[in-house]
file data17.pdb (PDB, C-alpha atoms)
MODEL        1
ATOM      1  CA  MET A   3      -6.752 -19.831   4.147
ATOM      2  CA  ASN A   4      -3.460 -20.821   2.581
ATOM      3  CA  GLU A   5      -4.907 -19.686  -0.728
ATOM      4  CA  LEU A   6      -5.711 -16.270   0.678
ATOM      5  CA  VAL A   7      -2.753 -15.694   2.981
ATOM      6  CA  THR A   8      -0.092 -16.905   0.580
ATOM      7  CA  GLY A   9       3.404 -17.489   1.785
ATOM      8  CA  ASP A  10       2.434 -17.057   5.461
ATOM      9  CA  ALA A  11       1.296 -13.534   4.552
ATOM     10  CA  VAL A  12       4.890 -12.496   3.972
ATOM     11  CA  VAL A  13       4.353 -10.027   1.192
ATOM     12  CA  LEU A  14       1.245  -8.603   2.810
ATOM     13  CA  GLY A  15       2.773  -7.943   6.180
ATOM     14  CA  LEU A  16       6.338  -7.031   5.183
ATOM     15  CA  ARG A  17       8.182  -4.654   2.880
ATOM     16  CA  PRO A  18      10.540  -5.146  -0.063
ATOM     17  CA  ALA A  19      14.176  -5.445   0.958
ATOM     18  CA  LYS A  20      16.583  -2.642   0.137
ATOM     19  CA  LEU A  21      19.957  -2.899  -1.547
ATOM     20  CA  PRO A  22      22.172  -2.641   1.618
ATOM     21  CA  SER A  23      20.444  -5.522   3.407
ATOM     22  CA  ARG A  24      20.443  -7.648   0.259
ATOM     23  CA  THR A  25      24.145  -6.939  -0.296
ATOM     24  CA  LEU A  26      24.999  -8.006   3.253
ATOM     25  CA  ALA A  27      22.973 -11.196   2.872
ATOM     26  CA  LEU A  28      24.685 -11.937  -0.443
ATOM     27  CA  LEU A  29      28.134 -11.469   1.078
ATOM     28  CA  ILE A  30      27.302 -13.933   3.843
ATOM     29  CA  ASP A  31      26.040 -16.467   1.320
ATOM     30  CA  LEU A  32      29.124 -16.044  -0.866
ATOM     31  CA  VAL A  33      31.497 -16.518   2.072
ATOM     32  CA  VAL A  34      29.706 -19.707   3.101
ATOM     33  CA  ALA A  35      29.506 -21.013  -0.484
ATOM     34  CA  TRP A  36      33.162 -20.340  -1.314
ATOM     35  CA  THR A  37      34.299 -21.874   1.973
ATOM     36  CA  VAL A  38      32.390 -25.050   1.186
ATOM     37  CA  TYR A  39      33.674 -24.972  -2.391
ATOM     38  CA  ILE A  40      37.307 -24.724  -1.301
ATOM     39  CA  LEU A  41      36.933 -27.563   1.182
ATOM     40  CA  VAL A  42      35.219 -29.787  -1.378
ATOM     41  CA  THR A  43      37.835 -28.940  -4.008
ATOM     42  CA  VAL A  44      40.690 -29.859  -1.669
ATOM     43  CA  ALA A  45      38.967 -33.139  -0.830
ATOM     44  CA  VAL A  46      38.403 -33.912  -4.506
ATOM     45  CA  VAL A  47      42.051 -33.164  -5.375
ATOM     46  CA  PHE A  48      43.338 -35.479  -2.675
ATOM     47  CA  ALA A  49      40.847 -38.203  -3.582
ATOM     48  CA  GLY A  50      41.533 -37.984  -7.322
ATOM     49  CA  SER A  51      45.290 -37.580  -7.267
ATOM     50  CA  SER A  52      45.673 -40.681  -9.431
ATOM     51  CA  LEU A  53      43.369 -39.348 -12.177
ATOM     52  CA  ASP A  54      44.530 -37.667 -15.338
ATOM     53  CA  ASP A  55      44.129 -33.988 -16.155
ATOM     54  CA  ALA A  56      40.925 -34.419 -18.136
ATOM     55  CA  ALA A  57      39.220 -36.205 -15.255
ATOM     56  CA  LEU A  58      40.376 -33.564 -12.768
ATOM     57  CA  ALA A  59      39.044 -30.811 -15.019
ATOM     58  CA  ALA A  60      35.683 -32.557 -15.247
ATOM     59  CA  LEU A  61      35.581 -32.932 -11.458
ATOM     60  CA  ALA A  62      36.453 -29.251 -11.057
ATOM     61  CA  VAL A  63      33.589 -28.194 -13.329
ATOM     62  CA  ALA A  64      31.177 -30.558 -11.584
ATOM     63  CA  THR A  65      32.250 -29.284  -8.166
ATOM     64  CA  PHE A  66      31.747 -25.674  -9.277
ATOM     65  CA  LEU A  67      28.273 -26.362 -10.638
ATOM     66  CA  LEU A  68      27.170 -28.476  -7.702
ATOM     67  CA  VAL A  69      28.481 -26.270  -4.898
ATOM     68  CA  LEU A  70      28.322 -22.679  -6.205
ATOM     69  CA  VAL A  71      25.247 -23.068  -8.430
ATOM     70  CA  GLY A  72      23.321 -26.083  -7.240
ATOM     71  CA  GLY A  73      23.949 -25.429  -3.547
ATOM     72  CA  PRO A  74      22.145 -22.047  -3.368
ATOM     73  CA  ILE A  75      19.323 -23.394  -5.532
ATOM     74  CA  ALA A  76      18.804 -26.370  -3.224
ATOM     75  CA  VAL A  77      18.980 -24.207  -0.095
ATOM     76  CA  GLU A  78      16.422 -21.683  -1.364
ATOM     77  CA  THR A  79      14.107 -24.456  -2.535
ATOM     78  CA  LEU A  80      14.182 -26.424   0.710
ATOM     79  CA  SER A  81      13.995 -23.346   2.960
ATOM     80  CA  HIS A  82      11.327 -21.619   0.830
ATOM     81  CA  GLY A  83      13.508 -18.628   0.001
ATOM     82  CA  ARG A  84      15.627 -18.250   3.124
ATOM     83  CA  SER A  85      19.345 -18.837   2.716
ATOM     84  CA  LEU A  86      21.803 -18.400   5.565
ATOM     85  CA  GLY A  87      22.544 -14.797   4.629
ATOM     86  CA  LYS A  88      18.878 -13.922   4.213
ATOM     87  CA  LEU A  89      18.023 -15.645   7.469
ATOM     88  CA  ALA A  90      20.694 -13.612   9.276
ATOM     89  CA  CYS A  91      19.460 -10.338   7.741
ATOM     90  CA  GLY A  92      15.762 -11.084   8.146
ATOM     91  CA  LEU A  93      15.023 -11.447   4.417
ATOM     92  CA  ARG A  94      13.118 -13.946   2.355
ATOM     93  CA  VAL A  95      12.416 -14.648  -1.326
ATOM     94  CA  VAL A  96       8.730 -14.935  -2.285
ATOM     95  CA  ARG A  97       6.749 -14.950  -5.498
ATOM     96  CA  ASP A  98       5.163 -11.801  -6.885
ATOM     97  CA  ASP A  99       1.794 -12.917  -5.533
ATOM     98  CA  GLY A 100       3.244 -13.500  -2.062
ATOM     99  CA  GLY A 101       3.491 -17.283  -2.179
ATOM    100  CA  PRO A 102       6.574 -19.353  -1.367
ATOM    101  CA  ILE A 103       9.008 -20.012  -4.197
ATOM    102  CA  ARG A 104       9.489 -23.414  -5.792
ATOM    103  CA  PHE A 105      12.334 -25.164  -7.525
ATOM    104  CA  ARG A 106      11.775 -23.446 -10.873
ATOM    105  CA  HIS A 107      11.950 -20.002  -9.253
ATOM    106  CA  ALA A 108      15.163 -20.872  -7.427
ATOM    107  CA  LEU A 109      16.596 -22.427 -10.598
ATOM    108  CA  VAL A 110      16.034 -19.266 -12.659
ATOM    109  CA  ARG A 111      17.430 -17.043  -9.917
ATOM    110  CA  GLY A 112      20.490 -19.243  -9.497
ATOM    111  CA  ALA A 113      21.191 -19.608 -13.225
ATOM    112  CA  ILE A 114      20.960 -15.869 -13.894
ATOM    113  CA  GLY A 115      22.834 -15.183 -10.659
ATOM    114  CA  VAL A 116      25.913 -16.843 -12.130
ATOM    115  CA  ILE A 117      26.051 -14.108 -14.763
ATOM    116  CA  GLU A 118      24.967 -11.040 -12.797
ATOM    117  CA  LEU A 119      26.622 -11.939  -9.483
ATOM    118  CA  MET A 120      29.722 -14.037 -10.191
ATOM    119  CA  MET A 121      30.830 -13.128 -13.702
ATOM    120  CA  SER A 122      30.119  -9.401 -13.325
ATOM    121  CA  PHE A 123      31.088  -9.295  -9.606
ATOM    122  CA  GLY A 124      27.612  -8.073  -8.709
ATOM    123  CA  VAL A 125      27.693  -4.926 -10.865
ATOM    124  CA  ILE A 126      24.722  -5.976 -13.011
ATOM    125  CA  ALA A 127      22.712  -6.967  -9.945
ATOM    126  CA  CYS A 128      23.406  -3.633  -8.209
ATOM    127  CA  ILE A 129      22.378  -1.609 -11.260
ATOM    128  CA  ALA A 130      19.195  -3.652 -11.726
ATOM    129  CA  SER A 131      18.293  -3.299  -8.039
ATOM    130  CA  LEU A 132      18.789   0.467  -8.122
ATOM    131  CA  VAL A 133      16.666   0.836 -11.245
ATOM    132  CA  SER A 134      13.858  -1.425 -10.022
ATOM    133  CA  ALA A 135      11.177   0.183  -7.864
ATOM    134  CA  ARG A 136      11.139  -2.841  -5.542
ATOM    135  CA  GLY A 137      14.860  -3.535  -5.612
ATOM    136  CA  ARG A 138      14.698  -6.621  -7.822
ATOM    137  CA  ARG A 139      17.690  -7.945  -9.750
ATOM    138  CA  LEU A 140      17.460  -9.636 -13.136
ATOM    139  CA  GLY A 141      17.069 -13.074 -11.577
ATOM    140  CA  ASP A 142      14.013 -11.863  -9.652
ATOM    141  CA  VAL A 143      12.513 -10.256 -12.749
ATOM    142  CA  PHE A 144      12.814 -13.391 -14.907
ATOM    143  CA  ALA A 145      11.790 -15.734 -12.083
ATOM    144  CA  GLY A 146       8.860 -13.608 -10.949
ATOM    145  CA  THR A 147      10.126 -13.308  -7.377
ATOM    146  CA  LEU A 148      10.694 -10.590  -4.801
ATOM    147  CA  VAL A 149      12.966 -10.326  -1.763
ATOM    148  CA  VAL A 150      11.055  -8.989   1.242
ATOM    149  CA  ARG A 151      11.818  -8.174   4.844
ATOM    150  CA  GLU A 152      10.667 -10.636   7.466
ATOM    151  CA  ARG A 153      11.604  -8.541  10.489
ATOM    152  CA  VAL A 154      10.096  -5.058  10.865
ATOM    153  CA  PRO A 155      10.633  -2.809  13.918
ATOM    154  CA  ALA A 156       7.783  -3.066  16.392
ATOM    155  CA  THR A 157       7.335   0.718  16.457
ATOM    156  CA  ARG A 158       6.358   0.744  12.778
ATOM    157  CA  LEU A 159       2.688  -0.127  13.039
ATOM    158  CA  ALA A 160       0.518  -0.409   9.966
ATOM    159  CA  THR A 161      -2.920   1.208   9.978
ATOM    160  CA  VAL A 162      -5.983   0.131   8.058
ATOM    161  CA  PRO A 163      -7.161   2.840   5.639
ATOM    162  CA  PRO A 164     -10.690   4.143   6.303
ATOM    163  CA  PRO A 165     -13.500   3.229   3.904
ATOM    164  CA  PRO A 166     -15.167   5.788   1.629
ATOM    165  CA  ASP A 167     -17.647   8.088   3.336
ATOM    166  CA  TRP A 168     -20.572   6.752   1.331
ATOM    167  CA  LEU A 169     -19.924   3.240   2.717
ATOM    168  CA  VAL A 170     -19.613   4.147   6.401
ATOM    169  CA  GLY A 171     -22.390   2.470   8.386
ATOM    170  CA  ARG A 172     -23.805   0.631   5.383
ATOM    171  CA  PHE A 173     -23.023  -2.803   6.835
ATOM    172  CA  ALA A 174     -24.377  -2.172  10.327
ATOM    173  CA  GLY A 175     -26.758  -5.140  10.061
ATOM    174  CA  LEU A 176     -24.203  -7.588   8.660
ATOM    175  CA  ASP A 177     -23.703 -10.793  10.653
ATOM    176  CA  LEU A 178     -19.952 -11.152  11.303
ATOM    177  CA  SER A 179     -20.093 -13.931  13.880
ATOM    178  CA  ALA A 180     -19.051 -16.662  11.427
ATOM    179  CA  VAL A 181     -15.961 -14.856  10.131
ATOM    180  CA  PRO A 182     -12.825 -16.559  11.569
ATOM    181  CA  ASP A 183      -9.888 -14.655  13.004
ATOM    182  CA  GLY A 184      -7.604 -15.908  10.246
ATOM    183  CA  LEU A 185      -9.722 -14.226   7.588
ATOM    184  CA  TRP A 186      -9.804 -10.973   9.567
ATOM    185  CA  LEU A 187      -6.022 -11.096   9.774
ATOM    186  CA  ALA A 188      -5.722 -11.699   6.036
ATOM    187  CA  ILE A 189      -8.055  -8.795   5.224
ATOM    188  CA  ARG A 190      -6.268  -6.441   7.591
ATOM    189  CA  GLN A 191      -2.853  -7.352   6.204
ATOM    190  CA  TYR A 192      -4.097  -6.835   2.676
ATOM    191  CA  LEU A 193      -5.574  -3.415   3.463
ATOM    192  CA  THR A 194      -2.397  -2.232   5.164
ATOM    193  CA  ARG A 195      -0.136  -3.356   2.298
ATOM    194  CA  MET A 196      -2.309  -3.092  -0.796
ATOM    195  CA  GLY A 197      -0.455   0.030  -1.913
ATOM    196  CA  GLN A 198       2.770  -1.981  -2.211
ATOM    197  CA  LEU A 199       1.289  -4.663  -4.481
ATOM    198  CA  ASP A 200       0.937  -4.626  -8.224
ATOM    199  CA  ALA A 201      -2.427  -3.343  -9.420
ATOM    200  CA  GLU A 202      -3.454  -6.680 -10.919
ATOM    201  CA  VAL A 203      -2.256  -8.682  -7.906
ATOM    202  CA  SER A 204      -4.027  -6.275  -5.534
ATOM    203  CA  ARG A 205      -7.305  -6.491  -7.443
ATOM    204  CA  SER A 206      -7.177 -10.293  -7.643
ATOM    205  CA  MET A 207      -6.421 -10.708  -3.955
ATOM    206  CA  ALA A 208      -9.145  -8.244  -2.955
ATOM    207  CA  GLU A 209     -11.720 -10.161  -4.994
ATOM    208  CA  ARG A 210     -10.683 -13.464  -3.424
ATOM    209  CA  LEU A 211     -10.870 -12.038   0.084
ATOM    210  CA  ALA A 212     -14.224 -10.423  -0.629
ATOM    211  CA  ALA A 213     -15.613 -13.691  -2.003
ATOM    212  CA  GLU A 214     -14.461 -15.548   1.109
ATOM    213  CA  LEU A 215     -16.014 -12.864   3.326
ATOM    214  CA  VAL A 216     -19.318 -13.058   1.446
ATOM    215  CA  THR A 217     -19.305 -16.842   1.920
ATOM    216  CA  ARG A 218     -18.800 -16.460   5.667
ATOM    217  CA  THR A 219     -21.424 -13.730   6.169
ATOM    218  CA  GLY A 220     -24.041 -15.162   3.817
ATOM    219  CA  ALA A 221     -24.822 -11.725   2.373
ATOM    220  CA  PRO A 222     -23.800 -10.744  -1.182
ATOM    221  CA  ALA A 223     -21.579  -7.758  -1.754
ATOM    222  CA  PRO A 224     -23.341  -4.604  -3.034
ATOM    223  CA  GLU A 225     -23.390  -4.076  -6.767
ATOM    224  CA  GLY A 226     -20.836  -1.619  -8.090
ATOM    225  CA  VAL A 227     -18.760  -1.511  -4.880
ATOM    226  CA  PRO A 228     -15.044  -2.273  -5.437
ATOM    227  CA  ALA A 229     -13.726  -5.255  -3.537
ATOM    228  CA  GLY A 230     -11.125  -3.200  -1.665
ATOM    229  CA  ALA A 231     -13.681  -0.615  -0.549
ATOM    230  CA  TYR A 232     -16.044  -3.393   0.526
ATOM    231  CA  LEU A 233     -13.331  -4.977   2.682
ATOM    232  CA  ALA A 234     -12.416  -1.635   4.239
ATOM    233  CA  ALA A 235     -16.055  -0.882   5.075
ATOM    234  CA  VAL A 236     -16.616  -4.282   6.709
ATOM    235  CA  VAL A 237     -13.415  -3.986   8.753
ATOM    236  CA  SER A 238     -14.486  -0.492   9.836
ATOM    237  CA  GLU A 239     -17.856  -1.881  10.953
ATOM    238  CA  ARG A 240     -16.148  -4.602  12.979
ATOM    239  CA  GLN A 241     -13.868  -2.067  14.634
ATOM    240  CA  ALA A 242     -16.884   0.082  15.500
ATOM    241  CA  ARG A 243     -18.611  -2.901  17.090
ATOM    242  CA  ASP A 244     -15.519  -3.768  19.093
ATOM    243  CA  ALA A 245     -15.311  -0.170  20.295
ATOM    244  CA  ARG A 246     -18.942  -0.246  21.426
ATOM    245  CA  LEU A 247     -18.323  -3.470  23.318
ATOM    246  CA  ALA A 248     -15.200  -2.073  24.953
ATOM    247  CA  PHE A 249     -16.551   1.329  25.962
ATOM    248  CA  GLY A 250     -20.230   0.543  26.353
ATOM    249  CA  SER A 251     -23.336   1.901  24.660
ATOM    250  CA  PRO A 252     -24.508   5.513  25.168
ATOM    251  CA  SER A 253     -27.595   4.383  27.081
ATOM    252  CA  ALA A 254     -25.441   2.502  29.563
ATOM    253  CA  THR A 255     -23.264   5.528  30.213
ATOM    254  CA  GLN A 256     -26.288   7.739  30.936
ATOM    255  CA  ALA A 257     -27.854   5.453  33.538
ATOM    256  CA  PRO A 258     -25.642   6.508  36.487
ATOM    257  CA  ASP A 259     -26.314  10.208  35.757
ATOM    258  CA  ALA A 260     -30.048   9.679  35.975
ATOM    259  CA  THR A 261     -29.806   8.362  39.531
ATOM    260  CA  SER A 262     -27.220  10.820  40.812
ATOM    261  CA  ALA A 263     -28.586  14.075  39.307
ATOM    262  CA  PRO A 264     -30.572  16.401  41.623
ATOM    263  CA  MET A 265     -34.330  16.063  41.410
ATOM    264  CA  PRO A 266     -36.078  19.095  39.885
ATOM    265  CA  PRO A 267     -39.192  20.512  41.507
ATOM    266  CA  SER A 268     -41.899  17.918  41.431
ATOM    267  CA  GLY A 269     -44.965  18.348  39.310
ATOM    268  CA  PRO A 270     -47.915  16.327  38.300
ATOM    269  CA  ALA A 271     -45.675  13.758  36.557
ATOM    270  CA  PRO A 272     -42.347  13.690  38.411
ATOM    271  CA  GLY A 273     -41.012  10.574  36.646
ATOM    272  CA  PRO A 274     -40.646  11.958  33.101
ATOM    273  CA  VAL A 275     -39.379  15.320  34.346
ATOM    274  CA  SER A 276     -36.614  13.733  36.431
ATOM    275  CA  ALA A 277     -35.470  11.608  33.495
ATOM    276  CA  ALA A 278     -35.384  14.524  31.038
ATOM    277  CA  GLU A 279     -33.172  16.803  33.119
ATOM    278  CA  PRO A 280     -30.164  14.391  33.306
ATOM    279  CA  ALA A 281     -30.501  13.746  29.581
ATOM    280  CA  VAL A 282     -29.849  17.422  28.903
ATOM    281  CA  SER A 283     -26.663  17.322  30.968
ATOM    282  CA  ALA A 284     -25.500  14.059  29.436
ATOM    283  CA  ALA A 285     -25.777  15.579  25.956
ATOM    284  CA  GLY A 286     -22.901  17.918  26.730
ATOM    285  CA  ASN A 287     -24.727  21.006  28.058
ATOM    286  CA  PRO A 288     -23.550  22.384  31.403
ATOM    287  CA  PRO A 289     -25.968  21.824  34.290
ATOM    288  CA  PHE A 290     -28.354  24.517  35.359
ATOM    289  CA  THR A 291     -28.094  26.452  32.106
ATOM    290  CA  THR A 292     -31.805  26.128  31.259
ATOM    291  CA  PRO A 293     -34.228  28.503  32.960
ATOM    292  CA  PRO A 294     -35.872  26.980  36.068
ATOM    293  CA  PRO A 295     -39.534  26.022  35.852
ATOM    294  CA  ALA A 296     -42.236  28.166  37.347
ATOM    295  CA  PRO A 297     -42.436  27.924  41.138
ATOM    296  CA  GLU A 298     -45.113  25.649  42.487
ATOM    297  CA  VAL A 299     -46.727  25.183  45.840
ATOM    298  CA  PRO A 300     -44.746  22.660  47.874
ATOM    299  CA  ARG A 301     -46.461  19.332  48.186
ATOM    300  CA  PRO A 302     -46.615  17.342  51.402
ATOM    301  CA  PRO A 303     -44.238  14.432  51.970
ATOM    302  CA  SER A 304     -47.075  11.959  51.379
ATOM    303  CA  SER A 305     -46.770  12.469  47.616
ATOM    304  CA  GLY A 306     -44.169   9.715  47.362
ATOM    305  CA  PHE A 307     -40.992  11.791  47.798
ATOM    306  CA  ALA A 308     -40.684  11.519  51.538
ATOM    307  CA  PRO A 309     -37.041  11.267  52.692
ATOM    308  CA  PRO A 310     -36.023   7.960  54.256
ATOM    309  CA  ALA A 311     -36.373   7.613  58.002
TER     310      ALA A 311
ENDMDL
END
call {"tool": "encode", "arguments": {"input": "data17.pdb", "output": "structure tokens"}}
result
Amino acid sequence: MNELVTGDAVVLGLRPAKLPSRTLALLIDLVVAWTVYILVTVAVVFAGSSLDDAALAALAVATFLLVLVGGPIAVETLSHGRSLGKLACGLRVVRDDGGPIRFRHALVRGAIGVIELMMSFGVIACIASLVSARGRRLGDVFAGTLVVRERVPATRLATVPPPPDWLVGRFAGLDLSAVPDGLWLAIRQYLTRMGQLDAEVSRSMAERLAAELVTRTGAPAPEGVPAGAYLAAVVSERQARDARLAFGSPSATQAPDATSAPMPPSGPAPGPVSAAEPAVSAAGNPPFTTPPPAPEVPRPPSSGFAPPA
């Protein structure tokens, strides 16, 4: 399931971060990084007071590269895209396909960040984020990463899109007992967020999920049906089955009416007549709207309808 729900399903269940939240996270990271840099620089100056100017300059360059460049790269690599600022703002860096970033992604973001964040005071990064549809700066573009939101308000619920009309009810006989809950969660998260993914990434992930679902059900997918539509139709079938289990079948809801409805005048076959009259009411018609049957001669109590003693 790690192959299907990449990056703990971050990109499937969350949304790309906007410029204000990313700016706040960057400011927090810069404050922390510069504080550490100043403290390390002061310690290096006191420790190397006996060194010459060339050695002090080399230590200054090394301190700058290690603290302000290597520090953020190490933090993002070890935390899988969550620095202190991003953790405080509920953000995270992931790959374009939703997986967690690695050292090479953090290295590219950090190296380009020196130019677009430090040397240009963030102007280049702001312009790139405003131009990008998903708010990515140049470091994200070259590294193939995306900053997403990890915390979403609870009132913002995602809904699964309905399947096409020509697929509704087509998988009524499909055995879904072997499908685990983790796969259902992955499919639902994909369907709710597939509009936010790249077309190629969305198609690839839908095919992988559909292949896993076919393996679990043991039935091949229909020919010519897109993978996304197939997933939506199967999820719709599962929801319909859950609704029937929760609210009961129609035959179960009609049983109490059959016993509590008034008995029509008895005839030669009272059983079928008494069962047909409640069925008319249960179908939605108001009671006593059909014309009464022809009057018959009352039968004695010995016919089986004698009231209890």
call {"tool": "closest_residue", "arguments": {"input": "data17.pdb", "among": "A:Leu89, A:Val69, A:Val110, A:Leu29", "to": "Gly124 (chain A)", "atoms": "all atoms listed in the file"}}
result
A:Leu29
call {"tool": "resolve_selection", "arguments": {"input": "data17.pdb", "expression": "the PyMOL selection byres ((chain A and resi 75) around 10)", "output": "number ranges by chain"}}
result
A: 68-74, 76-80, 83, 85, 104-113
call {"tool": "resolve_selection", "arguments": {"input": "data17.pdb", "expression": "the PyMOL selection byres ((chain A and resi 60-65) around 10)", "output": "list of chain:residue names"}}
result
A:Tyr39, A:Ile40, A:Val42, A:Thr43, A:Val46, A:Val47, A:Gly50, A:Asp55, A:Ala56, A:Ala57, A:Leu58, A:Ala59, A:Phe66, A:Leu67, A:Leu68, A:Val69, A:Leu70, A:Val71, A:Gly72
call {"tool": "atom_distance", "arguments": {"input": "data17.pdb", "atom1": "CA of Gly226 (chain A)", "atom2": "CA of Ser204 (chain A)"}}
result
17.6 Å
call {"tool": "atom_distance", "arguments": {"input": "data17.pdb", "atom1": "CA of Cys91 (chain A)", "atom2": "CA of Ala27 (chain A)"}}
result
6.1 Å
call {"tool": "atom_distance", "arguments": {"input": "data17.pdb", "atom1": "CA of Thr147 (chain A)", "atom2": "CA of Val133 (chain A)"}}
result
16.1 Å
call {"tool": "residues_near_point", "arguments": {"input": "data17.pdb", "point": "(28.5, -12.0, 2.2)", "cutoff": "12 Å", "atoms": "all atoms listed in the file", "output": "tab-separated table (two decimals) with C-alpha atoms, in the frame of the given file"}}
result
chain	number	residue	atom	x	y	z
A	22	PRO	CA	22.17	-2.64	1.62
A	23	SER	CA	20.44	-5.52	3.41
A	24	ARG	CA	20.44	-7.65	0.26
A	25	THR	CA	24.14	-6.94	-0.30
A	26	LEU	CA	25.00	-8.01	3.25
A	27	ALA	CA	22.97	-11.20	2.87
A	28	LEU	CA	24.68	-11.94	-0.44
A	29	LEU	CA	28.13	-11.47	1.08
A	30	ILE	CA	27.30	-13.93	3.84
A	31	ASP	CA	26.04	-16.47	1.32
A	32	LEU	CA	29.12	-16.04	-0.87
A	33	VAL	CA	31.50	-16.52	2.07
A	34	VAL	CA	29.71	-19.71	3.10
A	35	ALA	CA	29.51	-21.01	-0.48
A	36	TRP	CA	33.16	-20.34	-1.31
A	37	THR	CA	34.30	-21.87	1.97
A	85	SER	CA	19.34	-18.84	2.72
A	86	LEU	CA	21.80	-18.40	5.56
A	87	GLY	CA	22.54	-14.80	4.63
A	88	LYS	CA	18.88	-13.92	4.21
A	90	ALA	CA	20.69	-13.61	9.28
A	91	CYS	CA	19.46	-10.34	7.74
A	119	LEU	CA	26.62	-11.94	-9.48
A	124	GLY	CA	27.61	-8.07	-8.71
call {"tool": "closest_residue", "arguments": {"input": "data17.pdb", "among": "A:Asp98, A:Trp168, A:Val181, A:Leu176", "to": "Asp142 (chain A)", "atoms": "all atoms listed in the file"}}
result
A:Asp98
call {"tool": "resolve_selection", "arguments": {"input": "data17.pdb", "expression": "the PyMOL selection byres ((chain A and resi 205-222) around 10)", "output": "PyMOL selection string"}}
result
chain A and resi 3+5-8+99+176-182+185-186+188-189+192-193+196+199-204+223-225+228-233+236
call {"tool": "axis_aligned_box", "arguments": {"input": "data17.pdb", "around": "region 219-232 of chain A", "padding_each_side": "4 Å", "output": "JSON"}}
result
{"center_x": -18.0, "center_y": -7.9, "center_z": -1.0, "size_x": 21.7, "size_y": 22.5, "size_z": 22.3}
call {"tool": "closest_residue", "arguments": {"input": "data17.pdb", "among": "A:Ala19, A:Ala49, A:Val44, A:Val227", "to": "Arg151 (chain A)", "atoms": "only C-alpha atoms"}}
result
A:Ala19
call {"tool": "residues_near_point", "arguments": {"input": "data17.pdb", "point": "(14.5, -0.5, -4.6)", "cutoff": "8 Å", "atoms": "all atoms listed in the file", "output": "VMD selection string"}}
result
chain A and resid 18 to 21 131 to 138
call {"tool": "closest_residue", "arguments": {"input": "data17.pdb", "among": "A:Arg139, A:Arg17, A:Arg243, A:Arg190", "to": "Leu93 (chain A)", "atoms": "all atoms listed in the file"}}
result
A:Arg17
call {"tool": "decode", "arguments": {"input": "data17.pdb", "residues": "region 59-77 of chain A", "atoms": "C-alpha atoms", "output": "compact mmCIF listing (two decimals), in the first residue's frame"}}
result
# COMPACT_ATOMS: atom_id res chain seq x y z
CA ALA A 59 37.56 33.71 6.16
CA ALA A 60 37.55 30.01 5.32
CA LEU A 61 35.76 29.24 8.59
CA ALA A 62 33.21 31.96 7.86
CA VAL A 63 32.44 30.51 4.43
CA ALA A 64 32.23 26.98 5.85
CA THR A 65 29.93 28.14 8.64
CA PHE A 66 27.66 29.90 6.13
CA LEU A 67 27.42 26.85 3.89
CA LEU A 68 26.95 24.38 6.72
CA VAL A 69 24.38 26.34 8.74
CA LEU A 70 22.38 28.39 6.21
CA VAL A 71 22.56 25.94 3.29
CA GLY A 72 23.32 22.52 4.68
CA GLY A 73 21.14 22.93 7.77
CA PRO A 74 17.80 23.34 5.92
CA ILE A 75 18.75 20.55 3.51
CA ALA A 76 19.49 18.16 6.38
CA VAL A 77 16.31 19.12 8.24
